[in-house]
Amino acid sequence: MNKIKWTILTSAILFSICSAFATRPHALQSGLYWYNGTEYLAAGQMGVNYVCETSSNTCTYSYSDGVYTPYQTAATYTYLGVTTPSKPEPTTNKK
Amino acid sequence: MSKKQVTLECVCALLILLFLYASISKFLDFKTFIDQMNNQPLPNSWTPFLVWAIPLLEIAISIALLFEYTRLFGLYASLITMVIFTIYTGIILLHFFPYIPCSCGGVITHLTWSQHLLLNLIYTALSVLGIILQHRKHFKPILITTKHSLV
């Protein structure tokens with residue numbers, strides 16, 4: 001009984017530690033962009049510079065080999081300016 | 001090991017998975033977590049306390065859920081925490097605050113507030129299920145004793 005119990009609990013502990021390291025923010029959120037209707041701009045940091053609010057749009061895009069791929073869908077990019085003094089610097093339009 | 005005991009262990013494992021993952025994610029990117037806390041619609045003077053209290057509470061709940069003697073306490077603490085998070089999520093979704101902050105915490109950041117509410121409700125239900133199963137487990141020997149004394 002104890003063996004099964006500790007197998008389940010140890011798996012949960014290991015899985016949570018590994019998942020936390022695997023989904024570290026810098027690995028997930030680097031190089032994300034948002035589309036303002038005319039061009040793609042650097043999104044900044046989730047939770048610090050922007051949030052994604054529920055909608056039918058695409059909140060952020062990832063960029064690779066000249067192609068912007070939807071990253072977080074079903075949400076709208078909403079800029080947050082509470083702690084950051086200025087909006088993230090726009091990058092050149094890579095489209 | 002009975003089916004109910006396995007279910008209880010799985011419920012505790014899922015709660016540990018959530019709390020431990022959320023706390024480690026916060027510590028792995030602590031600076032961002034401080035910024036994210038400052039963006040929450042709470043007084044910024046609370047941030048120095050909350051940035052330590054929340055992840056440490058999550059770790060304490062995870063440890064309490066591991067051991068038999070502290071498990072019931074851990075399950076109640078988990079339920080209270082999830083209820084507080086659910087109420088906070090509900091308040092945000094009802095637009096009580098001037099803006100919608102991020103739903104921060106590792107990969108949870110990528111959930112919208114509606115999805116976050118659903119996750120909180122599921123975990124609140126899991127905490128309730130865990131409490132019920134743990135109570136039944138504790139009361140079982142008493143019932144057997146009563147039955148035997150009647151016979």
# chains A, B, ... in the order shown; residues from 1 in each chain; ligands from 1
$ interface_residues --of "chain B" --to "chain A" --cutoff "10 Å" --atoms "only C-alpha atoms" --output "MDAnalysis selection string"
chainID B and resid 1:2 5:6 8:29 32:41 62 65:66 99:115
$ atom_distance --atom1 "atom CA of A:Thr69" --atom2 "atom CA of A:Tyr35"
11.1 Å
